[in-house]
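Inspection log for the structure reproduced underneath, given as C-alpha cells.
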Amino acid sequence: MPLIKTPEEIEKLKRGGAILSRVLRLAADQCRAGVSTEALEKMVRQEFEKVGGRPSFLGYQTSSKDAPYSGALCVSVNDEIVHGLSLPSRIIQDGDVVGLDLGLWYEGLATDMATTVMAGKVKPDVRALVEHTREALEQALLAVKEGAGVADIGAAIEDYIKPFKYGIVKDLTGHGVGHAVHEEPHIPNYREPRAPRVRLEAGMVLAIEPMITLGTWKIQVKQDGWTIVTADGSPAAHFELTVVVTKTGYELITPWP
Ligand code: MF3
Ligand code: CO
C-alpha cells in the first residue's frame, strides 16, 4: 500500500478522526476517581457501534505468536506508559495519571490518538510532566511539512524535553497509519542518528506520539504481556494525534480531544 493517501482517503480519514476525537474526549471526561476502567471500555465500544466504526486495537497482534490485545481502549495508569488493560477490578484513584489511547477503523481506514488525563489531585511534578508532554507533541507538529525529515520530529521533541531532564521512551515510536494500525515510517521521539533518512511528503499520514517519563527512558513489559511500564516505576505521560503532511505543514486528522 502506498504511504501517500489520496484526497478521497484524506476526507475519509478526517471523518473517522472527528469521531475518534469525540469518543476519546468522552472517555477523558468520564475518567475520574472511582470509575472502573471497564466502564470506559464499554462506553467507547458503544459509541463506535453507534456510528458503524470498529475499534482498531481490539484483537491487534504485534506478531502472530503474541496474544491479541483484548480491548478497544488502552488505559495506562501512572507508571504504565502504554497498552494498559481495562478490567472491572481496575478503578481510577484520586491522583492517578491515566493514558487513554484509542484507535478506529472507519470507512476502511485507521486513525489513532491518545491523551493523558489527570484524575483529581495530581502531584505538581507529575502535572508538569503531563503538560510538557502535551507541549512536546505541539512542538513535534511544528516540524512536520513536506520536505522535512522524519528525524526532525524526534529532534523537536528531544530539544523541547531535554531541559526538564525527563526520560524519552525509545523502544516505542510514532508511525504511519491509515491502511494499517501501524505503517512505515517509524517515528522516533528522540534524536536517532541510526534511523533511516525518510523525507516527509504531502499526503503521508502520521501518528505522532511522544511518551515521556518522570524518570528513566527504559521500559519493561508486565506479566500480562501487553502493559508497558517504566523500568523505575516513575509516572509517564503520552499524547498522540494523527496528522496528514501538507506542502506547508500539516492538517489534523484527529482534532485535539
Ligand atoms: N496507539 C498504540 C500504538 O500505536 C496502539 C497499540 S495497538 C494495541 O502503539 F492494540 F496494542 F494496543
Ligand atoms: Co499509535
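Residues are referred to by chain and number: the chain letter is A, B, ... according to the order shown in the C-alpha cells, the number counts from 1 in that chain, and ligands are numbered separately from 1 in the order shown.
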
Checklist entry - Given a cut-off of 9 Å, what residues near ligand 1 show up using only C-alpha atoms and all ligand atoms, put as number ranges by chain? => result A: 56-62, 68-74, 82-85, 101-103, 112-114, 172-175, 177, 181-182, 207-209, 226-227, 240

Item to check | Residues flagged strand (DSSP E or B) by DSSP in segment 27-244 of chain A, as a PyMOL selection string | outcome: chain A and resi 36+54-55+73-77+80-82+91+97-106+109-118+149+167-168+174-176+183-187+199+204-208+211-213+219-221+228-230+236-238+240-244

Next on the checklist: For the alpha helix (DSSP H) assignment from backbone DSSP, which residues of segment 12-69 of chain A qualify? Please present them as a ChimeraX atom specification.
Outcome noted: /A:12-30,37-51

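Of the listed residues (A:Pro185, A:Gly203, A:Gly120, A:Gly95), A:Pro185 comes nearest to Ile153 of chain A; the distances count only C-alpha atoms.
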
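Atom CA of Glu183 of chain A lies 22.8 Å from atom CA of Phe48 of chain A.
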
Checklist entry - Could you pull the residues within 10 Å of Asp94 of chain A, counting only C-alpha atoms, minus those fewer than 5 positions along the same chain, as number ranges by chain? => result A: 32-34, 118-122

Same residues, C-alpha atoms, output as a compact mmCIF listing (two decimals), in the first residue's frame:
# COMPACT_ATOMS: atom_id res chain seq x y z
CA ARG A 32 -12.49 10.26 37.25
CA ALA A 33 -11.65 8.75 40.66
CA GLY A 34 -13.99 5.84 41.43
CA MET A 118 -5.18 13.79 35.48
CA ALA A 119 -7.76 12.37 37.88
CA GLY A 120 -8.29 14.66 40.86
CA LYS A 121 -5.33 15.96 42.83
CA VAL A 122 -2.19 15.07 40.89

Checklist entry - What's the 6 Å shell around segment 140-146 of chain A, counting only C-alpha atoms, without same-chain residues fewer than 2 positions away, as a ChimeraX atom specification? => result /A:137-138,148,152-153,156-157,200-202,245-249

Can you write just those residues out, N, CA and C atoms, as a PDB file, in the first residue's frame?
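Written out: out25.pdb:
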ATOM      1  N   LEU A 137       4.282  17.324  21.965  1.00  0.00           N
ATOM      2  CA  LEU A 137       3.559  16.938  20.752  1.00  0.00           C
ATOM      3  C   LEU A 137       3.307  18.170  19.868  1.00  0.00           C
ATOM      4  N   GLU A 138       2.938  19.279  20.491  1.00  0.00           N
ATOM      5  CA  GLU A 138       2.759  20.532  19.727  1.00  0.00           C
ATOM      6  C   GLU A 138       4.052  20.903  18.999  1.00  0.00           C
ATOM      7  N   ALA A 148      10.619  18.119   4.988  1.00  0.00           N
ATOM      8  CA  ALA A 148      11.326  17.915   6.259  1.00  0.00           C
ATOM      9  C   ALA A 148      11.627  16.424   6.402  1.00  0.00           C
ATOM     10  N   ASP A 152      13.381  15.091  12.015  1.00  0.00           N
ATOM     11  CA  ASP A 152      13.134  16.419  12.597  1.00  0.00           C
ATOM     12  C   ASP A 152      12.058  16.363  13.682  1.00  0.00           C
ATOM     13  N   ILE A 153      11.181  15.379  13.586  1.00  0.00           N
ATOM     14  CA  ILE A 153      10.103  15.248  14.577  1.00  0.00           C
ATOM     15  C   ILE A 153      10.701  14.862  15.935  1.00  0.00           C
ATOM     16  N   ALA A 156      12.752  17.653  17.447  1.00  0.00           N
ATOM     17  CA  ALA A 156      11.930  18.708  18.065  1.00  0.00           C
ATOM     18  C   ALA A 156      11.477  18.280  19.460  1.00  0.00           C
ATOM     19  N   ILE A 157      11.111  17.004  19.584  1.00  0.00           N
ATOM     20  CA  ILE A 157      10.659  16.505  20.889  1.00  0.00           C
ATOM     21  C   ILE A 157      11.825  16.508  21.874  1.00  0.00           C
ATOM     22  N   LEU A 200       9.511  13.607   4.460  1.00  0.00           N
ATOM     23  CA  LEU A 200       8.054  13.694   4.522  1.00  0.00           C
ATOM     24  C   LEU A 200       7.524  14.204   3.192  1.00  0.00           C
ATOM     25  N   GLU A 201       6.432  13.601   2.756  1.00  0.00           N
ATOM     26  CA  GLU A 201       5.787  14.036   1.513  1.00  0.00           C
ATOM     27  C   GLU A 201       4.321  14.346   1.793  1.00  0.00           C
ATOM     28  N   ALA A 202       3.790  15.328   1.069  1.00  0.00           N
ATOM     29  CA  ALA A 202       2.376  15.686   1.232  1.00  0.00           C
ATOM     30  C   ALA A 202       1.524  14.444   0.987  1.00  0.00           C
ATOM     31  N   VAL A 245       0.522  15.160   6.302  1.00  0.00           N
ATOM     32  CA  VAL A 245       1.555  16.104   5.865  1.00  0.00           C
ATOM     33  C   VAL A 245       1.025  16.900   4.675  1.00  0.00           C
ATOM     34  N   THR A 246       1.284  18.221   4.675  1.00  0.00           N
ATOM     35  CA  THR A 246       0.929  19.072   3.531  1.00  0.00           C
ATOM     36  C   THR A 246       2.194  19.788   3.034  1.00  0.00           C
ATOM     37  N   LYS A 247       2.037  20.540   1.946  1.00  0.00           N
ATOM     38  CA  LYS A 247       3.180  21.265   1.378  1.00  0.00           C
ATOM     39  C   LYS A 247       3.741  22.281   2.364  1.00  0.00           C
ATOM     40  N   THR A 248       2.846  22.862   3.174  1.00  0.00           N
ATOM     41  CA  THR A 248       3.290  23.932   4.062  1.00  0.00           C
ATOM     42  C   THR A 248       3.355  23.515   5.534  1.00  0.00           C
ATOM     43  N   GLY A 249       2.887  22.326   5.851  1.00  0.00           N
ATOM     44  CA  GLY A 249       2.887  21.917   7.249  1.00  0.00           C
ATOM     45  C   GLY A 249       2.114  20.625   7.426  1.00  0.00           C
TER      46      GLY A 249
END

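Between atom CA of Gly147 of chain A and atom CA of Arg199 of chain A the interatomic distance comes to 5.7 Å.
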
Next on the checklist: Residues within 9 Å of Pro88 of chain A, please, as JSON, numbers by chain. Count only C-alpha atoms; anything in the same chain fewer than 5 positions from it doesn't count.
Outcome noted: {"A": [36, 37, 38, 39]}

Checklist entry - Of the candidates A:Val221, A:Val243, A:Ala28, A:Val229, which shows the shortest atom-to-atom distance to ligand 2, using only C-alpha atoms and all ligand atoms? => result A:Val243

Next on the checklist: With distances taken over only C-alpha atoms, which residue among A:Val35, A:Pro257, A:Gly154, A:Met1 lies nearest Ile91 of chain A?
Outcome noted: A:Val35

Checklist entry - Using only C-alpha atoms and all ligand atoms, which residue out of A:Arg194, A:His186, A:Arg45, A:Lys218 lies closest to ligand 2? => result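 Of A:Arg194, A:His186, A:Arg45, A:Lys218, the one nearest ligand 2, counting only C-alpha atoms and all ligand atoms, is A:His186.
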